[in-house]
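Report on one structure; see the data block that follows.
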Amino acid sequence: MDTTDKKTASAPNEERFQVTRLTLLTDLWMGRIIRVGGVGVVLAVVGMLLFLVFQVFPLFVGAKVSPLAPVPMAASAQAFGEDEYGEMPFVVEANGRIRFHRVKDGALVREWVPEAELPAVASVRSYPRDGLVVLGLADGSVREVKVTYRADFSQQGQRSLDPQVVAAPPVPVGKAGLPCVEAWSVKSAAGRLLLCRQQEAGRDRLTALRLTERKGLGGKAKITVGTPFAVAADVPDLERVLVPSTADSVVVVRKDGEVRIYAENGEAIEFLQSFRPFEGSADRRVSAAGFIFGNVSVVLANGAGVEEVWSLYPQKQPDGRSLRRWGKIHDAEALPGAGQGIYPAVGNKCYLTVAGGRMQVRNMTTGSIRWDGVAPESPVRQVAFARNYDRFSVLCADGSLRRWEVEDHHPESSFNAFFGKIWYEGAEGPAYTWQSSSGADEFEAKYSLVPLFYGTVKGTIYALLFALPIALLAAVYVSQFLRPEWRKVVKPTMEIMASLPSVVLGFLAGLWLAPLVDASLLKLICVIAVLAPAALCAGFLWSQLPQPVRRRVGPGWEFVWLMPFLLLAGWAAWSAAPWIESTFFTVKDLASGQNVSDFREWWRQTSGLSYDSRNSLVVGFVMGFAVIPLVFTIAEDALSNVPTSLVSGSLACGASRWQTVWRVVVPTAISGIVSAIMIGFGRAIGETMIVVMATGNTPVMEANPFNGMRTLSANIAVELPEAATGHTHFRALFLGACCLFFLTFVINTLAEVLRQRLRERYKVV
Amino acid sequence: MPATMNPTTSRIQVRPATEKEGRKDYISIRDFNFYYGAKKALESISLDVPERRVVAFIGPSGCGKSTLLRNLNRMNDLVDGIRHEGDITINGRSIYDPGLEVISLRRRVGMVFQKSNPFPKSIYENVVYALRVMGVRDRAILDEACETSLRKAALWDEVKDRLQDSALGLSGGQMQRLCIARAIANRPEILLMDEPCSALDPIATGKIEELIHELKEQFTIVIVTHSMQQAARVSDRTAFFYLGKLIEYDTTEKIFMNPSQAQTEAYISGRFG
Ligand SMILES: Nc1ncnc2c1ncn2[C@@H]1O[C@H](COP(=O)(O)OP(=O)(O)OP(=O)(O)O)[C@@H](O)[C@H]1O
Ligand SMILES: [Mg+2]
């Protein structure tokens, strides 16, 4: 302390140079607060990105499949079935006996034995999800056995299952006296279809029979038994028969690998088509086959491990008609060995394929392998997926029922599903499709983001095409040529325009502008086409005027000369448009057969493209309207900030005003102009309300200026309210958001790099 | 009209150096008043600049030297709300003649500014800028003009290896010399220099003064300077301004040796300003 004392003593003025504590503290605290703000912004952006990634990540993980305890059942079990929760499965033995076991302790709960007086059981089949057992009897008749579970609740609220078995009387389907080798029973719209396969002198024969159910008076169902008819009588060597649960067709696979399709035609089931899969493969025989949920596709595998998907879709016939026929739609990834079995899931397009000692859960549409695991050592007899795809059970030849728990929330998603061309069932070919919902249950949602990308880019391009030239030229004009007193008016006006809510613009676009443009489309096109030449013409005439006349008009007032030209040209184009339309755009109206002069109709007929009144032009125009003020203000600022000393320097060198602008002002302000463009771009790419309101929001992929588009952001706005949280649809929307984020990130980064380069090059001292 | 302005040929033609005596009133300023808005910056200035001579404007800061200089090539037109009375003629023709294109006037009257203002372009592009805006595309002509101008501005040796580098990488003094090179690249007839040496070291200043001597053979030069020595060294005639008025205008010798006005005397001897 005494040193300071000494100093104060020797230099009494020392205090003058001291900084007060308050100044230092303020400095310190302001520094900290500012740092918190800066870090906060970075954290907010990173947090947002993390949130998006977190939402999207589950889409790209495969299925998690974990084994549950196996249930030992009778070794002679041929088929099995389960209740909804898989608590009490049953097996059907070769002699038709049905045994119910409790999963908890493996105890035998109930047993049902076919009546002894009926013919012996020759074959069994079960439909595990429907609780239906079909018994083929030794005399060629088919017997349906219905299994139901009744849930009882005890006093303590404990649930116990009580299985019930109701057997229908046998229905003679096949040729009497011949044993039924295989039997089916499926439900169609009209009633049930029973099928039975028999063997007679080394030949296979398939016989079908319809059971029509009619509700009689008093609600009692009356069942009419139809007459048996032969199916696929022309095929002597059946390998396997697939009967879809819709009962509208029968797929027969021959021993040599030919697949023949027989389709319902009235009462009969007639030959429709035949094909041979596995072209080019060493083994052309079918070793495993199965219908996929939805019953329009079959997955076929051969002994060489090749797997193909064939499906029913509209195909152009030689006579020009388009008919639904079978064709190959996918080549699945090669199997780890010879195909042994294909078992569909319920409710989605996944299936379990057993091959070469492995089991794989695959998605038919996207081709993705959801899970890959070891198959049981004992041969697989039958596989059944639970109704909500959370479990599957496998009945093995050793009589054990092995069960796996499945955790796969997004079976239909894969990178390919979002970004690749996918051939969906029923489509004519692979395509990029976004179609997230529909009325039908069996509908497969399509989540390709490509059309949305396309729409985003299309909307942005149309908007920028319209906005950038106007905004940048206006900025140059206002900053360099317009009189300062006008500039003081124009600039704030534009800034007010920038703050116009886009929902208002969208509203105007959709409800006011679109009908207006629709009504006088050609007139507008003519007017727009004529404005630029008119301006150039005015400029040329101006330059031809003698200097003294030009001198009269003060600098910044030249636009007064331009105005009449624009007005006159616009008016002329407007009035000439009807004449142009009737001269060049007269076409025959397809509906009435009369000649109409209508540009829209002409466009539809000559280009073959569609015409919507809410189209890209309207969107581009209105979105451009939203973008212009932004780009204008920023670019104008950048241009006005170019030091006047540079402008004077250029003018003093004898450059004209335009040369000065083009060679000195614009290059100097270029980094600011790039920023302006980028901000305009960002606004256009993320713009939502205008697009939602001013287009039809159809996710099409056409550059056609006269139809709409659906952008990523509009897609989110339109569909997020109806998407279930955590559902694939919900996450796909977030994936769209992620892509938007990524797109703007990449483009902004590129622009920023460019801007820095330019700034380095054109920096002003 | 003794000479018709022809913007495309005036800069190329070089008058023969033998023709020693030119017009006495090559630039003629008559009763010139100038206003920035309501503020009167120049008051009834009358002064003649002889052809191929150097005239120096001196005077205390804010007295209107730059304003008058900038009027000679109508750079003040850029300023809003200006007004002038009186007339300025160059070679007999009024610069306010409605038939005269300002651009061609400025091609004839080159200017070096008080603050150096190189364009954010390469050194080369800076120098040939005036030729480029005149539409010269021939690489040979441009290269030649670039080299001669830079040599005259005493910058060639320093930048000859980095002509394509940005002009903004130069030092302050180099930038000023670059601006001089830029101003003389299209060979104007008149060169206006507003304190060209204020940012230069004595060596560069010496080179610029040499350049002025050399240019005098072909150009008419008006130079604003705060350095009495410089005015004395380079100019043939000197004008002294004070508060927007022309106090005295005579041969440099007379102004410095034997000024007729007391204010001039006081200023030159450093008693105010
Ligand atoms: N653009 C302008 N607008 C209004 N007033 C101006 C402008 N430029 C200069 N003036 C005023 O005109 C007067 C003369 O200015 P000028 O620049 O000609 O002075 P100067 O003699 O060149 O001074 P210096 O030696 O400091 O450069 C000053 O009072 C100045 O404030
Ligand atoms: Mg000055």
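Ordering of the structure tokens sets the chain letters (A, B, ...); residue numbers start at 1 within each chain; ligands are numbered from 1 in the order shown.
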
Please tabulate, as a Markdown table, the residues of chain A that come within 6 Å of chain B, each with its closest pair of atoms and the distance in Å to one decimal, counting only C-alpha atoms and ordering rows by chain, then residue number upward.
| residue | atom | partner | partner_atom | distance |
| --- | --- | --- | --- | --- |
| A:Gln547 | CA | B:Gly99 | CA | 5.4 |
| A:Pro548 | CA | B:Pro98 | CA | 5.0 |
| A:Leu646 | CA | B:Asn117 | CA | 5.8 |
| A:Ala652 | CA | B:Arg106 | CA | 5.6 |
| A:Cys653 | CA | B:Ala130 | CA | 5.0 |
| A:Gly654 | CA | B:Arg107 | CA | 4.6 |
| A:Ala655 | CA | B:Val133 | CA | 5.6 |
| A:Tyr762 | CA | B:Pro120 | CA | 4.8 |

Please write out the residues within 9 Å of ligand 2 as a count of residues only, counting only C-alpha atoms and all ligand atoms.
14

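If you look at CA of Asp130 (chain A) and CA of Asn348 (chain A), they are 17.1 Å away from each other.
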
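Put simply, CA of Arg53 (chain B) is 8.4 Å away from CA of Val222 (chain B).
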
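We find atom 23 (O, counted along the ligand's line) of ligand 1 and CA of Ile58 (chain B) to be spaced 9.5 Å apart.
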
Within 10 Å of Glu43 (chain B), counting only C-alpha atoms, which residues qualify if same-chain residues fewer than 6 places away don't, as a list in words?
Asp31, Phe32, Asn33, Phe34, Tyr35, Gly64, His84, Glu85, Leu243, Gly244, Lys245 and Leu246 of chain B

Excluding same-chain residues fewer than 3 positions from Arg325 (chain A), what lies within 7 Å of it counting only C-alpha atoms, as a ChimeraX atom specification?
/A:312-315

File of the preceding selection, N, CA and C atoms, as a compact mmCIF listing (two decimals), in the first residue's frame:
# COMPACT_ATOMS: atom_id res chain seq x y z
N LEU A 312 -49.02 -58.07 -60.13
CA LEU A 312 -50.08 -57.77 -61.09
C LEU A 312 -50.13 -56.26 -61.28
N TYR A 313 -49.90 -55.80 -62.51
CA TYR A 313 -49.97 -54.36 -62.74
C TYR A 313 -50.41 -54.10 -64.17
N PRO A 314 -50.88 -52.89 -64.43
CA PRO A 314 -51.40 -52.60 -65.78
C PRO A 314 -50.26 -52.64 -66.81
N GLN A 315 -50.49 -53.40 -67.86
CA GLN A 315 -49.47 -53.49 -68.91
C GLN A 315 -50.11 -53.22 -70.26

Would you mind listing what lies within 12 Å of Ala703 (chain A) as a PyMOL selection string, with only C-alpha atoms counted and same-chain residues fewer than 2 positions away left out?
chain A and resi 451+454-459+461-462+609-610+615-617+700-701+705-709

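Using only C-alpha atoms, the contacts of Leu211 (chain B) at a cut-off of 12 Å, with sequence neighbours closer than 5 positions omitted, comprise Val54, Thr148, Ser149, Leu150, Arg151, Lys152, Ala153, Ala154, Leu155, Arg177, Ile180, Ala181, Ile184, Leu191, Pro196, Cys197, Ala204, Thr205, Gly206, Lys216, Glu217, Gln218, Phe219, Ile221 and Val234 of chain B.
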
For Ala231 (chain B), which residue among B:Phe256, B:Tyr96, B:Tyr249, B:Tyr124 is the nearest when counting only C-alpha atoms?
B:Phe256

Hey, what's within 8 Å of region 748-752 of chain A if we count only C-alpha atoms and toss same-chain stuff fewer than 6 positions away? As a list in words, please?
Val674, Ser675 and Met678 of chain A

Apply DSSP to the backbone of this structure and, from region 47-154 of chain B, keep only the residues in strand (DSSP E); write these as a ChimeraX atom specification.
/B:47-49,54-58,82-90,93-94,109-112

Saved selection, atoms kept: N, CA and C atoms, as a compact mmCIF listing (two decimals), in the first residue's frame:
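In the end it all went to result-v1.txt:
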# COMPACT_ATOMS: atom_id res chain seq x y z
N LEU B 47 -10.03 33.54 -63.70
CA LEU B 47 -8.63 33.11 -63.77
C LEU B 47 -8.41 32.36 -65.07
N ASP B 48 -7.25 32.56 -65.69
CA ASP B 48 -6.92 31.89 -66.94
C ASP B 48 -5.76 30.95 -66.72
N VAL B 49 -5.88 29.76 -67.26
CA VAL B 49 -4.76 28.82 -67.19
C VAL B 49 -4.19 28.69 -68.59
N VAL B 54 1.84 24.72 -65.73
CA VAL B 54 1.37 24.17 -64.47
C VAL B 54 0.89 25.32 -63.60
N VAL B 55 -0.35 25.20 -63.14
CA VAL B 55 -0.88 26.22 -62.24
C VAL B 55 -1.13 25.56 -60.89
N ALA B 56 -0.66 26.20 -59.82
CA ALA B 56 -0.87 25.66 -58.48
C ALA B 56 -1.94 26.47 -57.78
N PHE B 57 -2.86 25.74 -57.07
CA PHE B 57 -3.84 26.40 -56.22
C PHE B 57 -3.36 26.22 -54.79
N ILE B 58 -3.18 27.31 -54.09
CA ILE B 58 -2.83 27.18 -52.68
C ILE B 58 -3.83 27.96 -51.85
N ILE B 82 -26.32 21.55 -56.08
CA ILE B 82 -25.28 22.54 -56.39
C ILE B 82 -25.80 23.53 -57.43
N ARG B 83 -25.14 24.66 -57.50
CA ARG B 83 -25.58 25.70 -58.42
C ARG B 83 -24.33 26.50 -58.76
N HIS B 84 -24.29 27.02 -59.99
CA HIS B 84 -23.13 27.84 -60.32
C HIS B 84 -23.57 29.04 -61.12
N GLU B 85 -22.76 30.05 -61.05
CA GLU B 85 -22.97 31.24 -61.89
C GLU B 85 -21.65 31.51 -62.58
N GLY B 86 -21.71 32.18 -63.70
CA GLY B 86 -20.49 32.43 -64.45
C GLY B 86 -20.20 31.29 -65.39
N ASP B 87 -19.01 31.25 -65.96
CA ASP B 87 -18.74 30.27 -66.99
C ASP B 87 -17.29 29.81 -66.91
N ILE B 88 -17.07 28.61 -67.36
CA ILE B 88 -15.72 28.08 -67.50
C ILE B 88 -15.59 27.60 -68.93
N THR B 89 -14.56 28.04 -69.63
CA THR B 89 -14.37 27.53 -70.99
C THR B 89 -13.03 26.81 -71.05
N ILE B 90 -13.00 25.81 -71.86
CA ILE B 90 -11.74 25.11 -72.13
C ILE B 90 -11.51 25.21 -73.62
N ARG B 93 -14.37 26.74 -75.49
CA ARG B 93 -15.73 26.19 -75.48
C ARG B 93 -16.20 26.00 -74.04
N SER B 94 -17.41 26.42 -73.77
CA SER B 94 -17.92 26.34 -72.41
C SER B 94 -18.12 24.87 -72.02
N VAL B 109 -10.26 15.94 -69.60
CA VAL B 109 -9.73 16.51 -68.36
C VAL B 109 -9.60 15.40 -67.32
N GLY B 110 -8.42 14.89 -67.16
CA GLY B 110 -8.20 13.80 -66.21
C GLY B 110 -8.05 14.35 -64.80
N MET B 111 -8.22 13.45 -63.82
CA MET B 111 -8.19 13.96 -62.45
C MET B 111 -7.55 12.94 -61.50
N VAL B 112 -6.73 13.49 -60.59
CA VAL B 112 -6.18 12.68 -59.50
C VAL B 112 -6.76 13.26 -58.21
